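Q: I have a structure here, written as structure tokens, and I will follow up with some questions on it.
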Amino acid sequence: MAFDVAQVRGLFPALGDGWVHLDTPAGMQVPEGVATAVSTALRAPVSGPGGIFPASQRAEAIVEAARRAFADLVGADPAGVVLGPSSAVLLERLADAVGQGWLLGDEVVVSRLDHPGNVLPWQRAAQRSGCTVRWGEVDIETCELPAWQYGDLVSSRTKVVAITAASGAVGTRPDVRKISDYARAAGALVVVDASAAAPFLPLDMTAMGADIVAVSASAWGGPPVGALVFRDASLLDRLASCSLDPGARGPERLELGPHAYPLLAGVVASVDYLATLDDAAIGPRRERLLTSLGSVKAYQAGLMASLINELRALRHVMVIGDAMRRIPSVAFTIAGTKAWAAVEHLAERGICAFSDNGQNGVFAALGVGEVGGAVRVGLAHYTNTVEVDQLVRAIAELR
């Protein structure tokens, strides 16, 4: 493996602002190659698809390339890739389409670990049809989402099981495959939100047992574009369409209006960036993605272990959760200091971080609001040991 963090940092012009960017829960900074791809596409003549002239053909080529890029990322067929402005928007459209066939007494299973983007759409769809919403609960000590509970949560009335591949809040990675097995045995649709996991893990939707995977390119430094990837592309033609074109087929049934073609060009560049994070990666892009993201996973695991150990060595800091499998996102509380005050303290020292008051999501389930909220940080591909040490020193000052 040949992941070189110094080389990676050189790809990000934004790092020249002098700040320590541990704000990856909101998305990574943008590599130069992605910005160049977007600006180049803006300068080129691009028209709507369907014409026989070059500008129209260029638009079609960009859309096809973006579908292939997302498909390579998760190991799927490009024919099953729906494009849109974000995973949250697309999940809302999906819930609307899937929920139209639900009846009173049907059920949908969501989890306390998930981002609201993969919870609220299903709650709303269930409310419209009179369905029951059932909840997967987190272990308050470890922040794990025990898979065994889905044996009781999933029934013959379950229509959808919505689950995250990894929590961007506390880093926990649930056993998606085991949860999917429970869902599949009951004939339920498995919808996996992989937006937080995609920048750090090799993804394989078949291995996960997912029917649909949602991702957002901004999570790994791409433009604000999301995708729903269907393992079985034929399912798209069985869903209610939201397209303005009554004759829309396949992915276009869940797509609205014209695409932002320059941003789609940036998506392709961003997935190519992921595929080159390991200099030793060779072969087709899918193989290079698996190699590169495997190297990223190993690098981040070491950096994250160091950060958590150093935070736990500070007596006034409590790291939230102790999951065995995780992505490089961590949340913690500081005795005697409100989370917002700690974040202000970090900002004064040039460190970007977020606070959460514990009003919703996993932090609400954990009761974090009762202790002043949580500080949230996330490591990026470009985070190095110097920046981790800066964070720990700044937190130590708050004792």
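Numbering starts fresh at 1 for the residues of each chain in the structure tokens, the chains themselves are lettered A, B, ... in the order given, and ligands are numbered from 1 as they appear.
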Could you build a table of the residues in range 173-199 of chain A lying no more than 6 Å from range 137-160 of chain A, giving for each the nearest pair of atoms and their separation in Å rounded to one decimal place, using only C-alpha atoms, ordered by chain and ascending residue number, as JSON lines?
A:
{"residue": "A:Pro174", "atom": "CA", "partner": "A:Leu145", "partner_atom": "CA", "distance": 5.7}
{"residue": "A:Ile179", "atom": "CA", "partner": "A:Ala147", "partner_atom": "CA", "distance": 5.6}
{"residue": "A:Ala186", "atom": "CA", "partner": "A:Ser156", "partner_atom": "CA", "distance": 5.3}
{"residue": "A:Ala188", "atom": "CA", "partner": "A:Lys159", "partner_atom": "CA", "distance": 4.7}
{"residue": "A:Leu189", "atom": "CA", "partner": "A:Val160", "partner_atom": "CA", "distance": 4.6}
{"residue": "A:Val190", "atom": "CA", "partner": "A:Val160", "partner_atom": "CA", "distance": 5.9}
Q: Could those residues be written to a file, using N, CA, C and O atoms, as a PDB file, in the first residue's frame?
A:
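Dumped everything to part.pdb:
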ATOM      1  N   PRO A 174     -22.526  -0.366  11.597  1.00  0.00           N
ATOM      2  CA  PRO A 174     -23.326  -1.543  11.951  1.00  0.00           C
ATOM      3  C   PRO A 174     -23.057  -2.709  11.006  1.00  0.00           C
ATOM      4  O   PRO A 174     -22.478  -2.544   9.928  1.00  0.00           O
ATOM      5  N   ILE A 179     -28.126  -7.423   9.148  1.00  0.00           N
ATOM      6  CA  ILE A 179     -29.433  -6.754   9.166  1.00  0.00           C
ATOM      7  C   ILE A 179     -30.164  -6.988   7.847  1.00  0.00           C
ATOM      8  O   ILE A 179     -31.374  -7.247   7.818  1.00  0.00           O
ATOM      9  N   ALA A 186     -37.703 -11.570   5.133  1.00  0.00           N
ATOM     10  CA  ALA A 186     -39.085 -11.098   5.243  1.00  0.00           C
ATOM     11  C   ALA A 186     -39.584 -10.458   3.953  1.00  0.00           C
ATOM     12  O   ALA A 186     -40.731 -10.002   3.891  1.00  0.00           O
ATOM     13  N   ALA A 188     -38.412  -7.657   2.638  1.00  0.00           N
ATOM     14  CA  ALA A 188     -38.380  -6.195   2.746  1.00  0.00           C
ATOM     15  C   ALA A 188     -37.263  -5.605   1.889  1.00  0.00           C
ATOM     16  O   ALA A 188     -36.245  -6.255   1.635  1.00  0.00           O
ATOM     17  N   LEU A 189     -37.454  -4.366   1.465  1.00  0.00           N
ATOM     18  CA  LEU A 189     -36.459  -3.635   0.694  1.00  0.00           C
ATOM     19  C   LEU A 189     -35.414  -3.062   1.649  1.00  0.00           C
ATOM     20  O   LEU A 189     -35.757  -2.487   2.678  1.00  0.00           O
ATOM     21  N   VAL A 190     -34.137  -3.213   1.320  1.00  0.00           N
ATOM     22  CA  VAL A 190     -33.049  -2.710   2.159  1.00  0.00           C
ATOM     23  C   VAL A 190     -32.449  -1.467   1.520  1.00  0.00           C
ATOM     24  O   VAL A 190     -31.894  -1.528   0.415  1.00  0.00           O
TER      25      VAL A 190
END
Q: Please, which residues of range 25-86 of chain A, numbered as in this document, come out strand (DSSP E) from DSSP, as a list in words?
A: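 Here is the list: Val81, Val82, Leu83 and Gly84 of chain A.
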Q: Residues of range 60-297 of chain A classed as helix (DSSP H, G or I) by DSSP on the backbone are to be reported as a ChimeraX atom specification.
A: /A:60-74,78-80,87-99,116-118,120-129,147-153,176-185,205-208,217-220,233-238,250-254,261-275,285-297
Q: From the list A:Val108, A:Ile351, A:Ala219, A:Leu103, which residue is nearest Arg376 in chain A when using only C-alpha atoms?
A: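 The answer is A:Ile351, which sits nearest to Arg376 in chain A.
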Q: Leaving out range 220-235 of chain A and any residue of its chain fewer than 2 positions from it, which residues lie within 7 Å of it when counting only C-alpha atoms, given as JSON, numbers by chain?
A: {"A": [27, 28, 29, 30, 31, 34, 76, 79, 80, 81, 82, 83, 84, 85, 86, 87, 90, 199, 211, 212, 213, 214, 215, 216, 217, 218, 237, 238, 239, 250, 263, 266, 267, 270]}
Q: I'd like the neighbourhood of range 36-48 of chain A as a list in words, where a residue qualifies if any of its atoms comes within 6 Å (using only C-alpha atoms), though same-chain residues fewer than 5 positions away should be ignored.
A: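 Those residues are Ala55, Ser56, Ala59, Pro262, Leu263, Ala265 and Gly266 of chain A.
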Q: Nearest to Ile320 in chain A among A:Val362, A:Val388, A:Val170, A:Leu274, with distances taken over only C-alpha atoms: which residue is it?
A: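 Closest residue, counting only C-alpha atoms: A:Val170.
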Q: Give me the residues within 8 Å of Arg286 in chain A as a list in words, counting only C-alpha atoms and dropping any in the same chain fewer than 5 places off.
A: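 With the cut-off at 8 Å, the set is Asp72, Leu73, Gly75 and Ala275 of chain A.
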Q: Export, as a PDB file, in the first residue's frame, the selected residues with N, CA, C and O atoms.
A:
ATOM      1  N   ASP A  72     -19.267   2.236 -10.300  1.00  0.00           N
ATOM      2  CA  ASP A  72     -17.961   1.682  -9.938  1.00  0.00           C
ATOM      3  C   ASP A  72     -17.693   1.822  -8.444  1.00  0.00           C
ATOM      4  O   ASP A  72     -17.078   0.952  -7.826  1.00  0.00           O
ATOM      5  N   LEU A  73     -18.169   2.907  -7.854  1.00  0.00           N
ATOM      6  CA  LEU A  73     -17.908   3.154  -6.437  1.00  0.00           C
ATOM      7  C   LEU A  73     -18.543   2.093  -5.545  1.00  0.00           C
ATOM      8  O   LEU A  73     -17.952   1.685  -4.546  1.00  0.00           O
ATOM      9  N   GLY A  75     -20.018  -0.915  -6.816  1.00  0.00           N
ATOM     10  CA  GLY A  75     -20.048  -2.243  -7.419  1.00  0.00           C
ATOM     11  C   GLY A  75     -21.405  -2.588  -7.988  1.00  0.00           C
ATOM     12  O   GLY A  75     -22.035  -3.567  -7.563  1.00  0.00           O
ATOM     13  N   ALA A 275      -9.920   6.821  -6.722  1.00  0.00           N
ATOM     14  CA  ALA A 275      -9.257   5.651  -7.294  1.00  0.00           C
ATOM     15  C   ALA A 275      -7.746   5.800  -7.363  1.00  0.00           C
ATOM     16  O   ALA A 275      -7.031   4.803  -7.591  1.00  0.00           O
TER      17      ALA A 275
END
Q: Quick one, how far is CA of Val109 in chain A from CA of Ala162 in chain A?
A: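 Taking CA of Val109 in chain A as the start and CA of Ala162 in chain A as the end point, the length is 6.2 Å.
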Q: Could you work out how far CA of Pro121 in chain A lies from CA of Glu92 in chain A, giving the answer in Å with one decimal?
A: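 Those two atoms sit 5.0 Å apart.
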Q: Quick one: residues within 7 Å of range 339-343 of chain A, only C-alpha atoms counted, chain neighbours fewer than 3 positions away excluded, as a VMD selection string?
A: chain A and resid 333 346 to 347 353 to 355 372 to 375
Q: Distance CA of Leu314 in chain A-CA of Val368 in chain A, one decimal place?
A: 18.9 Å
Q: When distances are computed from only C-alpha atoms, which of A:Glu32, A:Phe200, A:Leu256, A:Ala61 shows the smallest separation from Val89 in chain A?
A: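 Counting only C-alpha atoms, the residue closest to Val89 in chain A is A:Leu256.
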Q: Measuring atom to atom with only C-alpha atoms, identify which of A:Gly99, A:Pro246, A:Gly378, A:Pro258 is nearest to Arg124 in chain A.
A: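 Of A:Gly99, A:Pro246, A:Gly378, A:Pro258, the one nearest Arg124 in chain A is A:Gly99, counting only C-alpha atoms.
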Q: So which one's closest to Ala313 in chain A, A:Val392, A:Ile52, A:Val191, A:Val386? Using only C-alpha atoms, please.
A: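 Closest residue, counting only C-alpha atoms: A:Val392.
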Q: Taking only C-alpha atoms into account, name the residue in A:Val20, A:Ala88, A:Ala126, A:Val8 that is nearest to Gln390 in chain A.
A: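 Among the listed residues, A:Val20 lies closest to Gln390 in chain A.
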Q: For Ser180 in chain A, please output as a list in words all residues within 8 Å (counting only C-alpha atoms; exclusion window: fewer than 5 positions along the same chain).
A: Val161, Val190, Met208, Gly209 and Ala210 of chain A
Q: Only N, CA, C and O atoms, please: the residues just picked out, written as a compact mmCIF listing (two decimals), in the first residue's frame.
A:
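selection-v7.txt written:
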# COMPACT_ATOMS: atom_id res chain seq x y z
N VAL A 161 -36.40 -1.61 5.24
CA VAL A 161 -35.46 -1.46 6.33
C VAL A 161 -34.43 -0.44 5.88
O VAL A 161 -33.69 -0.68 4.93
N VAL A 190 -34.14 -3.21 1.32
CA VAL A 190 -33.05 -2.71 2.16
C VAL A 190 -32.45 -1.47 1.52
O VAL A 190 -31.89 -1.53 0.42
N MET A 208 -23.04 -6.17 0.97
CA MET A 208 -23.84 -5.59 2.05
C MET A 208 -25.26 -6.15 2.08
O MET A 208 -25.95 -6.03 3.08
N GLY A 209 -25.70 -6.71 0.96
CA GLY A 209 -27.08 -7.17 0.87
C GLY A 209 -28.06 -6.06 0.63
O GLY A 209 -29.26 -6.20 0.86
N ALA A 210 -27.57 -4.93 0.14
CA ALA A 210 -28.43 -3.76 -0.07
C ALA A 210 -29.17 -3.86 -1.39
O ALA A 210 -28.62 -4.31 -2.40
